[in-house]
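Engineer: Before we start, here is the structure in question, set down as structure tokens.
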Amino acid sequence: MQIPAAFEYARAESLDHALQLLAEHGEEARVIAGGHSLLPMMKLRLANPEWLIDINDLADLDYITEEGDTLRIGALTRHVSLLESDAVAGLFPLVRDAEKTIADPLVRNRGTIGGSLCQADPAEDLSTVCHVLRTELVIRGPNGERTVPMRELHRGPYETSVEQNEILTEIRWPIRPRSSSAYTKVERRVGDWATTAAGACLTMGDAGQIEDVVIGLTAVGLDGGTATRAEDAIRGQQPGEELYAEAGRLAAEDCNPVGDQRGTEAYKRHLADELTQRVLRKAVERVNSTAAARS
Amino acid sequence: MTAIEERPANPAAAAENRPIGFGRLQRKEDPRFIRGKGHYLDDVVLPGMLHGAMLRSPYAHAKLISIDTSAALAHPGVHAVITGKDLEGLNLAWAPTLSADVMAILATDKVRFQGQEVAFVVADDRYSARDALELIDVEYEALPPVINARKALDADAPVIRTDLEGRTDNHIFDWEAGDAAETDAVFARADVVVTEDIVYPRVHPAPMETCGAVADYDPIDGKLTLWETTQAPHAHRTLYAIVAGIPEHKIRVISPDIGGGFGNKVGIYPGYVCAVVGSIVTGKPVKWVEDRSENLMSTSFARDYLMHGEVAATNDGKILAVRTTVLADHGAFNATAQPTKYPAGFFHIFTGSYDLEAAHCKVTGVYTNKAPGGVAYACSFRVTEAVYLVERMVDVLALKLGIDPAEIRLKNFIKPEQFPYQNKTGWEYDSGEYERAMRMAMDMAGYDELRREQAEKRERGELMGIGVTFFTETVGAGPRKHMDIVGLGMADGAELRVHPTGKAVVRLSVQSQGQGHETTFAQIVSEEIGIPPEDIEVVHGDTDNTPFGLGTYGSRSTPVSGGAVAMVTRKVRDKARLIAAAMLETRPEDLEWEKGRFFVKGDPSQGKTIAEIAMGAHGTVTLPEGVDGNLDAEVTYDPPNLTFPFGAYICVVDIDPGTGVVKVRRFIAVDDCGTRINEMIIEGQVHGGLTDGVGMALMEIIDFDEDGNCLGGSFMDYLIPTAMEVPDWETGHTVTPSPHHPIGAKGIGESATVGSPSAVVNAVVDALQPYGVVHIDMPCTPSRVWEAMQGRHVPTAGV
């Protein structure tokens with residue numbers, strides 16, 4: 001049994017109460033939701049918070065709501081809800097692709113999307129998903145609400161722009177017509193963190209061209225989370241194998257993987273290329289099959 | 001009542017399905033395990049019990065300058081902080097290992113691997129103990145570590161064991177088997193010779209339950225009661241008596257339910273000794289249970305064999321000789337557990353299942369700055385390494401000669417009529433029908449059809465591999481005249497008592513870690529004397545209540561204790577015949593036995609059941625001269641030879657050419673463990689072992705960085721397979737009884753772990769033929785497979 005250092009615990013009864021508790025206990029207080037990253041870190045004594053502010057009772061932060069051209073996800077929404085939501089899968093199939101590969105059912109039953117994003121692990125699948133979906137994040141603090149785009153959420157590994165006295169409350173995914181997406185991951189074993197993963201979301205134009213595209217890569221040190229040169233190279237072009245290969249090549253060039261037990265640097269770079277091609281191919285297939293089903 | 005309570009306790013074992021003796025039977029111990037009522041070490045709670053925690057070295061190699069324990073001692077709830085200096089005063093800072101070396105209990109001069117034990121805190125609860133660890137101030141002076149075993153013997157390598165007088169290098173032993181000159185001669189005249197460097201990397205048994213102890217020393221009567229996660233309670237008791245000087249009759253070692261051992265729980269760990277010292281010092285019971293990282297980083301690892309294999313053969317694929325040199329990485333202390341005369345365990349069974357003209361091996365053991373141990377993870381005393389070597393090498397030869405891997409094995413098998421077979425390194429194989437098992441596996445697999453499918457897929461650029469392996473084990477150590485551990489002969493005791501009402505209790509010297517002993521041994525008694533298995537209580541794991549024996553490892557429980565239990569039951573049956581004769585007023589030789597009953601030859605109506613005889617023995621029947629009034633017996637069984645289980649395994653994999661991800665599609669396992677006692681338990685053992693094998697082949701490794709930091713210290717880094725990584729196992733069997741074993745059984749516990757890694761790796765290499773890959777070292781992670789496809793080797797621990 002691994003044993004954390006002593007800490008105090010408070011159970012928030014409302015979002016305002018949680019914010020008040022954070023303000024009260026200051027720097028050494030941490031919000032706990034699913035706890036599947038924080039608790040292991042505490043047990044290994046990599047994290048030693050003096051206070052845990054438990055927000056698991058804040059049921060009003062657990063929702064998936066379609067509103068106009070936005071899908072709004074409460075920060076306390078569990079992985080399992082995202083995995084099982086047909087609404088999410090219909091609009092953004094990459095979410096289900098990704099959720100299927102995240103940890104195991106026990107973790108997915110408990111872990112939350114807000115926790116995943118705020119943990120800011122460089123190998124976090126949902127971070128890539130949110131980059132690819134051009135996510136907007138709602139953050140509440142003592143002075144009210146603010147929104148930030150995904151690219152401004154992470155300041156570096158395990159570091160976010162959510163301040164000590166703030167809580168991430170909502171994740172907003174813009175809904176676009178004639179769009180689809182895909183995510184794929186290579187792992188050494190089911191439930192492992194990604195050796196490398198890729199996600200893509202694209203919108204097809206009237207002439208069958210790729211009107212818009214976002215490509216994201218996981219765990220390979222991609223600046224800003226998206227492969228912009230690859231995106232630029234294929235935007236406006238007709239989809240096809242040569243185009244995917246070009247996108248893969250550029251994405252692989254732009255990432256900065258580090259060799260470790262999951263894989264060599266060369267292998268991860270190769271995967272960035274290979275998986276970029278696979279998600280583009282899959283996303284195009286999905287748009288086309290949806291369009292075919294409609295016509 | 002809940003839904004669970006309404007279910008019958010053991011539905012498949014309804015009375016009509018229950019065998020008397022051998023047969024498929026649900027495990028007697030399972031109701032308590034599946035209901036959460038097992039009693040494991042951490043369930044032991046004693047009044048006033050204190051808790052221990054271990055401070056470990058962050059360095060792989062460093063001089064110990066000073067330890068300041070004052071702040072830890074001042075921490076609330078702390079009763080004692082024990083250091084190496086304190087143990088020196090008790091002459092316990094160092095202790096003998098199972099391999100004629102010494103190991104540090106708590107470091108005194110240097111630390112020699114990351115995770116080595118440095119200080120032990122005893123406190124009111126685990127939290128205080130753990131918190132106090134942070135308050136111990138240790139000053140180290142870092143020293144350069146030896147991590148790459150190939151550099152351990154370099155002239156400028158730092159000397160790790162400066163504690164050993166006169167030691168100027170990191171060499172532990174050289175050991176040889178077979179005839180070097182004869183082997184060289186055969187190699188010199190062979191048509192073809194293939195060679196390959198093959199690493200069996202360091203892996204870890206990672207049992208679900210980590211190691212621990214509860215020590216309760218009673219200062220009034222001087223008795224130590226010690227609950228331990230041990231596979232060998234009797235051997236431990238004797239060792240504590242020798243090392244700690246506590247008289248052996250004042251030591252009781254209890255091994256409660258054990259959550260997996262796999263060799264990880266054979267040795268004595270510093271934490272156990274510290275719990276004992278903690279109890280003596282504080283006068284209270286002390287519990288110490290390691291956490292997962294401590295288990296992975298400091299307890300007995302497995303393998304770490306750097307092998308160079310060579311095979312000599314004729315052009316048409318007749319294998320003439322096998323030669324190998326091995327560099328064995330033993331870590332910081334030589335603490336491997338194996339019979340004394342065999343420093344490389346039974347590695348010299350590397351001759352495999354083949355009829356050779358010559359064979360030779362040379363094994364060199366070296367110290368490195370890594371955790372000690374080495375014989376673990378269901379390895380059958382290094383048979384795993386041996387089988388992996390020969391089965392990889394046979395495939396290397398088959399590839400060179402362009403012969404099908406199944407075909408080349410069939411061509412070289414030892415023939416049934418050659419048994420008992422003397423191999424070239426000193427073993428006498430007891431029995432085998434190899435071709436029959438191989439053909440069965442090929443039939444089950446649809447081997448020819450698989451090869452056709454593979455050819456078609458290759459045309460399309462798809463990567464499919466078929467891996468073939470045939471293994472022979474040598475298990476059931478062993479005959480007393482050849483085999484001992486620290487001087488204790490490897491024979492096993494057993495005691496059987498039949499109660500007046502015909503129920504029985506059998507006491508074993510071996511201890512189960514999940515193998516199902518309470519069922520298997522009841523079935524052996526049942527087979528021999530006809531008492532239903534459910535009427536036989538199996539007692540094990542408590543030195544005060546069981547006869548002496550060496551414990552459970554190396555697949556020895558059925559071969560050795562199984563023999564003991566069969567023999568003790570026959571002894572009781574012989575006695576029952578005398579008593580039955582007295583009861584029936586006839587001569588013993590006029591009685592005939594049918595399972596459970598003696599009757600008068602020619603008059604089956606005149607008979608006595610075992611229960612009637614038991615009542616007679618304990619009642620008022622006039623007993624014959626020299627027969628006392630009970631139905632009990634005891635024996636110590638000294639096996640005449642080891643047993644040689646074997647099997648044919650075929651693995652089918654698909655590899656994604658774009659990512660290198662290996663998917664095990666099918667696995668066919670045909671095992672021959674001789675007489676089969678309980679099919680269900682055998683299948684369970686095989687399923688578990690195959691899963692282990694897939695794990696080692698594809699993902700498991702304890703690796704180190706150049707500073708000696710362990711890179712496998714948690715389950716995030718040390719991956720063990722789940723149901724998602726393994727296929728539905730396709731198992732089959734043949735039965736070739738052991739001619740020398742009382743019931744013909746050979747043991748099954750480790751067969752699948754021994755045999756399966758080479759099947760998977762052979763399949764991976766076979767799939768990669770379009771890329772010209774001849775060998776790939778484990779684990780075949782996606783990255784390592786992809787690198788092999790690019791013609792590159794990725795070293796582990798620098799080798």
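Letters for chains follow the order of the structure tokens (A, B, ...), residue numbers begin at 1 for each chain, and ligand numbers begin at 1 in the order shown.
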Show me, as a PDB file with N, CA, C and O atoms, in the first residue's frame, every residue of chain B with an atom at most 8 Å from chain A, counting only C-alpha atoms.

Structural biologist:
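Result saved to selection-v9.pdb:
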ATOM      1  N   ARG B 126       0.787   2.794   9.776  1.00  0.00           N
ATOM      2  CA  ARG B 126       1.558   2.892   8.533  1.00  0.00           C
ATOM      3  C   ARG B 126       1.838   4.338   8.154  1.00  0.00           C
ATOM      4  O   ARG B 126       2.844   4.641   7.541  1.00  0.00           O
ATOM      5  N   TYR B 127       0.896   5.207   8.486  1.00  0.00           N
ATOM      6  CA  TYR B 127       1.042   6.601   8.078  1.00  0.00           C
ATOM      7  C   TYR B 127       2.213   7.251   8.816  1.00  0.00           C
ATOM      8  O   TYR B 127       3.052   7.913   8.218  1.00  0.00           O
ATOM      9  N   ARG B 130       5.469   5.801   7.515  1.00  0.00           N
ATOM     10  CA  ARG B 130       5.823   6.322   6.193  1.00  0.00           C
ATOM     11  C   ARG B 130       6.277   7.783   6.280  1.00  0.00           C
ATOM     12  O   ARG B 130       7.249   8.178   5.647  1.00  0.00           O
ATOM     13  N   ASP B 131       5.549   8.573   7.093  1.00  0.00           N
ATOM     14  CA  ASP B 131       5.930   9.983   7.254  1.00  0.00           C
ATOM     15  C   ASP B 131       7.337  10.100   7.849  1.00  0.00           C
ATOM     16  O   ASP B 131       8.115  10.975   7.464  1.00  0.00           O
ATOM     17  N   VAL B 289       4.550  -4.542   5.271  1.00  0.00           N
ATOM     18  CA  VAL B 289       4.092  -4.961   3.942  1.00  0.00           C
ATOM     19  C   VAL B 289       4.640  -3.961   2.938  1.00  0.00           C
ATOM     20  O   VAL B 289       4.421  -2.760   3.071  1.00  0.00           O
ATOM     21  N   GLU B 290       5.354  -4.453   1.968  1.00  0.00           N
ATOM     22  CA  GLU B 290       5.943  -3.548   0.982  1.00  0.00           C
ATOM     23  C   GLU B 290       4.865  -3.045   0.020  1.00  0.00           C
ATOM     24  O   GLU B 290       3.830  -3.692  -0.166  1.00  0.00           O
ATOM     25  N   ASP B 291       5.143  -1.917  -0.619  1.00  0.00           N
ATOM     26  CA  ASP B 291       4.204  -1.442  -1.628  1.00  0.00           C
ATOM     27  C   ASP B 291       4.645  -1.949  -3.004  1.00  0.00           C
ATOM     28  O   ASP B 291       5.652  -2.654  -3.138  1.00  0.00           O
ATOM     29  N   ARG B 292       3.865  -1.611  -4.015  1.00  0.00           N
ATOM     30  CA  ARG B 292       4.113  -2.168  -5.349  1.00  0.00           C
ATOM     31  C   ARG B 292       5.483  -1.783  -5.889  1.00  0.00           C
ATOM     32  O   ARG B 292       6.194  -2.610  -6.458  1.00  0.00           O
ATOM     33  N   GLY B 658       2.461  -0.786 -40.415  1.00  0.00           N
ATOM     34  CA  GLY B 658       2.638   0.660 -40.260  1.00  0.00           C
ATOM     35  C   GLY B 658       3.019   1.069 -38.855  1.00  0.00           C
ATOM     36  O   GLY B 658       3.583   2.141 -38.645  1.00  0.00           O
ATOM     37  N   THR B 659       2.720   0.226 -37.867  1.00  0.00           N
ATOM     38  CA  THR B 659       2.970   0.613 -36.478  1.00  0.00           C
ATOM     39  C   THR B 659       3.814  -0.394 -35.711  1.00  0.00           C
ATOM     40  O   THR B 659       4.282  -0.093 -34.621  1.00  0.00           O
ATOM     41  N   VAL B 661       2.667  -2.953 -34.270  1.00  0.00           N
ATOM     42  CA  VAL B 661       1.865  -3.520 -33.174  1.00  0.00           C
ATOM     43  C   VAL B 661       1.600  -5.002 -33.459  1.00  0.00           C
ATOM     44  O   VAL B 661       1.140  -5.361 -34.534  1.00  0.00           O
ATOM     45  N   MET B 699       5.794  -7.239 -23.651  1.00  0.00           N
ATOM     46  CA  MET B 699       5.775  -5.954 -22.935  1.00  0.00           C
ATOM     47  C   MET B 699       6.581  -5.871 -21.645  1.00  0.00           C
ATOM     48  O   MET B 699       6.888  -4.785 -21.193  1.00  0.00           O
ATOM     49  N   MET B 716       2.645   1.362 -14.202  1.00  0.00           N
ATOM     50  CA  MET B 716       2.567   2.231 -15.375  1.00  0.00           C
ATOM     51  C   MET B 716       3.746   1.958 -16.308  1.00  0.00           C
ATOM     52  O   MET B 716       3.672   2.197 -17.499  1.00  0.00           O
ATOM     53  N   ASP B 717       4.838   1.481 -15.711  1.00  0.00           N
ATOM     54  CA  ASP B 717       6.057   1.262 -16.485  1.00  0.00           C
ATOM     55  C   ASP B 717       6.322  -0.226 -16.701  1.00  0.00           C
ATOM     56  O   ASP B 717       6.855  -0.623 -17.715  1.00  0.00           O
ATOM     57  N   LEU B 719       4.676  -3.305 -17.504  1.00  0.00           N
ATOM     58  CA  LEU B 719       3.359  -3.674 -18.026  1.00  0.00           C
ATOM     59  C   LEU B 719       3.150  -5.172 -17.885  1.00  0.00           C
ATOM     60  O   LEU B 719       4.020  -5.954 -18.256  1.00  0.00           O
ATOM     61  N   PRO B 721       0.290  -8.232 -18.907  1.00  0.00           N
ATOM     62  CA  PRO B 721      -0.808  -8.340 -19.879  1.00  0.00           C
ATOM     63  C   PRO B 721      -2.171  -8.459 -19.214  1.00  0.00           C
ATOM     64  O   PRO B 721      -2.284  -8.926 -18.076  1.00  0.00           O
ATOM     65  N   THR B 722      -3.172  -8.025 -19.918  1.00  0.00           N
ATOM     66  CA  THR B 722      -4.547  -8.172 -19.465  1.00  0.00           C
ATOM     67  C   THR B 722      -5.265  -9.112 -20.438  1.00  0.00           C
ATOM     68  O   THR B 722      -4.688  -9.558 -21.419  1.00  0.00           O
ATOM     69  N   MET B 724      -7.149  -8.305 -22.575  1.00  0.00           N
ATOM     70  CA  MET B 724      -7.215  -7.673 -23.890  1.00  0.00           C
ATOM     71  C   MET B 724      -6.047  -8.065 -24.791  1.00  0.00           C
ATOM     72  O   MET B 724      -6.136  -7.946 -26.004  1.00  0.00           O
ATOM     73  N   GLU B 725      -4.933  -8.475 -24.206  1.00  0.00           N
ATOM     74  CA  GLU B 725      -3.750  -8.780 -25.027  1.00  0.00           C
ATOM     75  C   GLU B 725      -3.629 -10.253 -25.378  1.00  0.00           C
ATOM     76  O   GLU B 725      -2.704 -10.639 -26.067  1.00  0.00           O
ATOM     77  N   THR B 781       7.860  -4.859 -28.148  1.00  0.00           N
ATOM     78  CA  THR B 781       6.957  -3.705 -28.123  1.00  0.00           C
ATOM     79  C   THR B 781       6.829  -3.181 -29.548  1.00  0.00           C
ATOM     80  O   THR B 781       7.686  -3.449 -30.390  1.00  0.00           O
ATOM     81  N   PRO B 782       5.794  -2.413 -29.825  1.00  0.00           N
ATOM     82  CA  PRO B 782       5.641  -1.881 -31.177  1.00  0.00           C
ATOM     83  C   PRO B 782       6.906  -1.176 -31.656  1.00  0.00           C
ATOM     84  O   PRO B 782       7.338  -1.370 -32.792  1.00  0.00           O
ATOM     85  N   SER B 783       7.520  -0.394 -30.789  1.00  0.00           N
ATOM     86  CA  SER B 783       8.709   0.352 -31.186  1.00  0.00           C
ATOM     87  C   SER B 783       9.853  -0.591 -31.546  1.00  0.00           C
ATOM     88  O   SER B 783      10.533  -0.412 -32.556  1.00  0.00           O
ATOM     89  N   ARG B 784      10.067  -1.612 -30.719  1.00  0.00           N
ATOM     90  CA  ARG B 784      11.187  -2.518 -30.968  1.00  0.00           C
ATOM     91  C   ARG B 784      10.944  -3.340 -32.236  1.00  0.00           C
ATOM     92  O   ARG B 784      11.881  -3.651 -32.965  1.00  0.00           O
ATOM     93  N   TRP B 786       9.158  -2.306 -34.859  1.00  0.00           N
ATOM     94  CA  TRP B 786       9.351  -1.392 -35.979  1.00  0.00           C
ATOM     95  C   TRP B 786      10.841  -1.137 -36.226  1.00  0.00           C
ATOM     96  O   TRP B 786      11.297  -1.131 -37.368  1.00  0.00           O
ATOM     97  N   GLU B 787      11.600  -0.971 -35.150  1.00  0.00           N
ATOM     98  CA  GLU B 787      13.042  -0.763 -35.307  1.00  0.00           C
ATOM     99  C   GLU B 787      13.690  -1.994 -35.948  1.00  0.00           C
ATOM    100  O   GLU B 787      14.596  -1.855 -36.774  1.00  0.00           O
TER     101      GLU B 787
END

Engineer: Apply DSSP to the backbone of this structure and, from range 532-683 of chain B, keep only the residues in alpha helix (DSSP H); write these as a PDB file with C-alpha atoms, in the first residue's frame.

Structural biologist:
ATOM      1  CA  GLY B 563       4.686 -38.363  -4.461  1.00  0.00           C
ATOM      2  CA  ALA B 564       4.826 -38.015  -0.677  1.00  0.00           C
ATOM      3  CA  VAL B 565       1.049 -37.814  -0.378  1.00  0.00           C
ATOM      4  CA  ALA B 566       0.509 -40.826  -2.649  1.00  0.00           C
ATOM      5  CA  MET B 567       3.053 -42.821  -0.649  1.00  0.00           C
ATOM      6  CA  VAL B 568       1.650 -41.867   2.756  1.00  0.00           C
ATOM      7  CA  THR B 569      -1.839 -42.775   1.588  1.00  0.00           C
ATOM      8  CA  ARG B 570      -0.602 -46.152   0.374  1.00  0.00           C
ATOM      9  CA  LYS B 571       1.007 -46.655   3.761  1.00  0.00           C
ATOM     10  CA  VAL B 572      -2.345 -45.979   5.431  1.00  0.00           C
ATOM     11  CA  ARG B 573      -4.050 -48.286   2.963  1.00  0.00           C
ATOM     12  CA  ASP B 574      -1.572 -51.064   3.777  1.00  0.00           C
ATOM     13  CA  LYS B 575      -2.369 -50.614   7.419  1.00  0.00           C
ATOM     14  CA  ALA B 576      -6.082 -50.573   6.669  1.00  0.00           C
ATOM     15  CA  ARG B 577      -5.686 -53.945   4.989  1.00  0.00           C
ATOM     16  CA  LEU B 578      -4.277 -55.429   8.196  1.00  0.00           C
ATOM     17  CA  ILE B 579      -7.079 -53.990  10.266  1.00  0.00           C
ATOM     18  CA  ALA B 580      -9.741 -55.015   7.732  1.00  0.00           C
ATOM     19  CA  ALA B 581      -8.363 -58.546   7.778  1.00  0.00           C
ATOM     20  CA  ALA B 582      -8.681 -58.610  11.563  1.00  0.00           C
ATOM     21  CA  MET B 583     -12.235 -57.269  11.344  1.00  0.00           C
ATOM     22  CA  LEU B 584     -13.210 -59.803   8.681  1.00  0.00           C
ATOM     23  CA  ILE B 610     -12.283 -47.227   4.852  1.00  0.00           C
ATOM     24  CA  ALA B 611     -14.700 -45.519   7.236  1.00  0.00           C
ATOM     25  CA  GLU B 612     -15.560 -48.827   8.891  1.00  0.00           C
ATOM     26  CA  ILE B 613     -11.876 -49.706   9.112  1.00  0.00           C
ATOM     27  CA  ALA B 614     -11.100 -46.290  10.605  1.00  0.00           C
ATOM     28  CA  MET B 615     -13.759 -46.768  13.248  1.00  0.00           C
ATOM     29  CA  GLY B 616     -12.387 -50.232  13.875  1.00  0.00           C
ATOM     30  CA  ALA B 617      -8.867 -48.928  14.251  1.00  0.00           C
ATOM     31  CA  HIS B 618      -9.936 -46.324  16.780  1.00  0.00           C
ATOM     32  CA  GLU B 679      -8.092 -30.957 -15.545  1.00  0.00           C
ATOM     33  CA  MET B 680      -9.532 -27.682 -14.357  1.00  0.00           C
ATOM     34  CA  ILE B 681      -6.534 -26.769 -12.256  1.00  0.00           C
ATOM     35  CA  ILE B 682      -4.166 -27.807 -15.038  1.00  0.00           C
ATOM     36  CA  GLU B 683      -6.012 -25.620 -17.533  1.00  0.00           C
TER      37      GLU B 683
END

Engineer: In Å, how far is it from CA of Ala132 in chain B to CA of Val78 in chain B?

Structural biologist: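 Pair CA of Ala132 in chain B / CA of Val78 in chain B returns 7.4 Å.
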
Engineer: So that I can see what lies close to Val95 in chain A, please list as a list of chain:residue names the residues with an atom at most 10 Å from it, counting only C-alpha atoms and leaving out residues fewer than 6 positions away in the same chain.

Structural biologist: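 So, after excluding close chain neighbours, the residues are A:His79, A:Leu82, A:Leu83, A:Glu84, A:Ser85, A:Val88, A:Ala89, A:Asp125, A:Leu126, A:Val129, A:Cys130, A:Leu133, A:Ser181, A:Ala182, A:Tyr183, A:Gly199.
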
Engineer: Taking only C-alpha atoms into account, name the residue in A:Glu231, A:Glu253, A:Ile175, A:Gly240 that is nearest to Gly68 in chain A.

Structural biologist: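 Selected residue with least distance to Gly68 in chain A: A:Ile175.
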
Engineer: Counting only C-alpha atoms, which residue out of B:Gly212, B:Pro19, B:Gly317, B:Gly259 sits closest to Leu401 in chain B?

Structural biologist: B:Gly317

Engineer: Just the residues within 8 Å of Asp62 in chain A, please, counting only C-alpha atoms, with nothing from its chain fewer than 5 positions along; format it as a ChimeraX atom specification.

Structural biologist: /A:73-78

Engineer: Go through A:Arg146, A:Phe92, A:Val258, A:Leu61 one by one, measure the shortest atom-to-atom distance of each to Thr203 in chain A using only C-alpha atoms, and give the residue with the smallest value.

Structural biologist: A:Phe92

Engineer: Tyr158 in chain A: which residues within 8 Å, counting only C-alpha atoms, same-chain residues fewer than 3 positions away excluded, as a PDB file with N, CA and C atoms, in the first residue's frame?

Structural biologist:
ATOM      1  N   CYS A 118      -7.038  19.620 -16.917  1.00  0.00           N
ATOM      2  CA  CYS A 118      -6.295  20.401 -15.928  1.00  0.00           C
ATOM      3  C   CYS A 118      -5.037  19.682 -15.449  1.00  0.00           C
ATOM      4  N   GLN A 119      -5.002  18.363 -15.597  1.00  0.00           N
ATOM      5  CA  GLN A 119      -3.783  17.626 -15.261  1.00  0.00           C
ATOM      6  C   GLN A 119      -2.664  18.001 -16.243  1.00  0.00           C
ATOM      7  N   ALA A 120      -3.064  18.300 -17.481  1.00  0.00           N
ATOM      8  CA  ALA A 120      -2.116  18.760 -18.516  1.00  0.00           C
ATOM      9  C   ALA A 120      -0.972  17.789 -18.747  1.00  0.00           C
ATOM     10  N   ASP A 121      -1.274  16.513 -18.682  1.00  0.00           N
ATOM     11  CA  ASP A 121      -0.260  15.501 -19.003  1.00  0.00           C
ATOM     12  C   ASP A 121      -0.001  15.565 -20.506  1.00  0.00           C
ATOM     13  N   PRO A 122       1.266  15.604 -20.908  1.00  0.00           N
ATOM     14  CA  PRO A 122       1.561  15.705 -22.348  1.00  0.00           C
ATOM     15  C   PRO A 122       1.047  14.504 -23.145  1.00  0.00           C
ATOM     16  N   HIS A 154      -2.933  25.207 -21.797  1.00  0.00           N
ATOM     17  CA  HIS A 154      -1.721  24.582 -21.252  1.00  0.00           C
ATOM     18  C   HIS A 154      -0.527  25.506 -21.408  1.00  0.00           C
TER      19      HIS A 154
END

Engineer: Need to verify the contact set: Ala230 in chain A, 10 Å, only C-alpha atoms, exclusion of same-chain residues closer than 5 positions in sequence. Can you return it as a PyMOL selection string?

Structural biologist: chain A and resi 213-215+235+243-254+276

Engineer: With N, CA and C atoms retained, export the selected residues as a short mmCIF file (atom, residue, chain, number, x, y, z; two decimals), in the first residue's frame.

Structural biologist:
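So the final result, stored in result31.cif, reads:
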data_model
loop_
_atom_site.label_atom_id
_atom_site.label_comp_id
_atom_site.auth_asym_id
_atom_site.auth_seq_id
_atom_site.Cartn_x
_atom_site.Cartn_y
_atom_site.Cartn_z
N VAL A 213 -9.29 21.92 -41.76
CA VAL A 213 -8.75 20.74 -41.09
C VAL A 213 -7.93 21.15 -39.88
N VAL A 214 -8.03 20.35 -38.84
CA VAL A 214 -7.12 20.49 -37.69
C VAL A 214 -6.53 19.11 -37.41
N ILE A 215 -5.22 19.08 -37.23
CA ILE A 215 -4.53 17.82 -36.94
C ILE A 215 -3.81 17.98 -35.60
N ARG A 235 -5.26 22.07 -46.75
CA ARG A 235 -6.49 22.86 -46.75
C ARG A 235 -6.79 23.31 -48.17
N LEU A 243 -1.94 13.25 -50.71
CA LEU A 243 -2.13 14.39 -49.81
C LEU A 243 -1.92 13.96 -48.35
N TYR A 244 -2.48 12.79 -48.00
CA TYR A 244 -2.31 12.30 -46.63
C TYR A 244 -0.83 12.10 -46.34
N ALA A 245 -0.13 11.55 -47.32
CA ALA A 245 1.30 11.28 -47.13
C ALA A 245 2.05 12.58 -46.89
N GLU A 246 1.68 13.62 -47.65
CA GLU A 246 2.32 14.92 -47.48
C GLU A 246 2.03 15.48 -46.08
N ALA A 247 0.80 15.36 -45.66
CA ALA A 247 0.42 15.85 -44.33
C ALA A 247 1.19 15.09 -43.25
N GLY A 248 1.28 13.76 -43.42
CA GLY A 248 2.00 12.94 -42.44
C GLY A 248 3.46 13.35 -42.36
N ARG A 249 4.05 13.58 -43.52
CA ARG A 249 5.46 13.95 -43.55
C ARG A 249 5.69 15.27 -42.80
N LEU A 250 4.83 16.24 -43.06
CA LEU A 250 5.00 17.55 -42.40
C LEU A 250 4.73 17.46 -40.90
N ALA A 251 3.71 16.71 -40.53
CA ALA A 251 3.40 16.58 -39.10
C ALA A 251 4.59 15.94 -38.38
N ALA A 252 5.17 14.90 -39.02
CA ALA A 252 6.31 14.22 -38.40
C ALA A 252 7.50 15.16 -38.26
N GLU A 253 7.69 16.01 -39.26
CA GLU A 253 8.80 16.97 -39.19
C GLU A 253 8.63 17.96 -38.05
N ASP A 254 7.39 18.31 -37.79
CA ASP A 254 7.14 19.40 -36.84
C ASP A 254 7.07 18.94 -35.39
N THR A 276 -1.08 10.23 -38.57
CA THR A 276 -1.70 11.40 -39.21
C THR A 276 -2.42 10.96 -40.48
#

Engineer: Set the distance at 8 Å and use only C-alpha atoms: which residues neighbour range 147-153 of chain A once local chain neighbours fewer than 5 positions away are removed? I'd like the list as a VMD selection string.

Structural biologist: chain A and resid 130 to 131 134 to 139 160 to 162 224 to 225

Engineer: Taking only range 160-230 of chain A into account, list the residues labelled strand (DSSP E or B) by DSSP (computed from the backbone), as a ChimeraX atom specification.

Structural biologist: /A:160,167-174,179-186,196-204,210-218,226

Engineer: Could you tell me how far CA of Asp542 in chain B lies from CA of Thr636 in chain B, in Å and to one decimal?

Structural biologist: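 So the answer is 17.2 Å.
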
Engineer: Just how far from CA of Ala752 in chain B is CA of Gly674 in chain B, in Å to one decimal?

Structural biologist: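 Calculated distance between CA of Gly674 in chain B and CA of Ala752 in chain B is 14.8 Å.
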
Engineer: Pick from A:Leu117, A:Ile167, A:Phe7, A:Ala87: nearest to Asn143 in chain A, with only C-alpha atoms counted?

Structural biologist: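 Ranked by minimum distance to Asn143 in chain A, first place goes to A:Ile167.
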
Engineer: Using only C-alpha atoms, which residue out of B:Ala232, B:Leu135, B:Ala723, B:Val273 lies closest to Leu550 in chain B?

Structural biologist: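 Distance minimum relative to Leu550 in chain B lands on B:Ala232.
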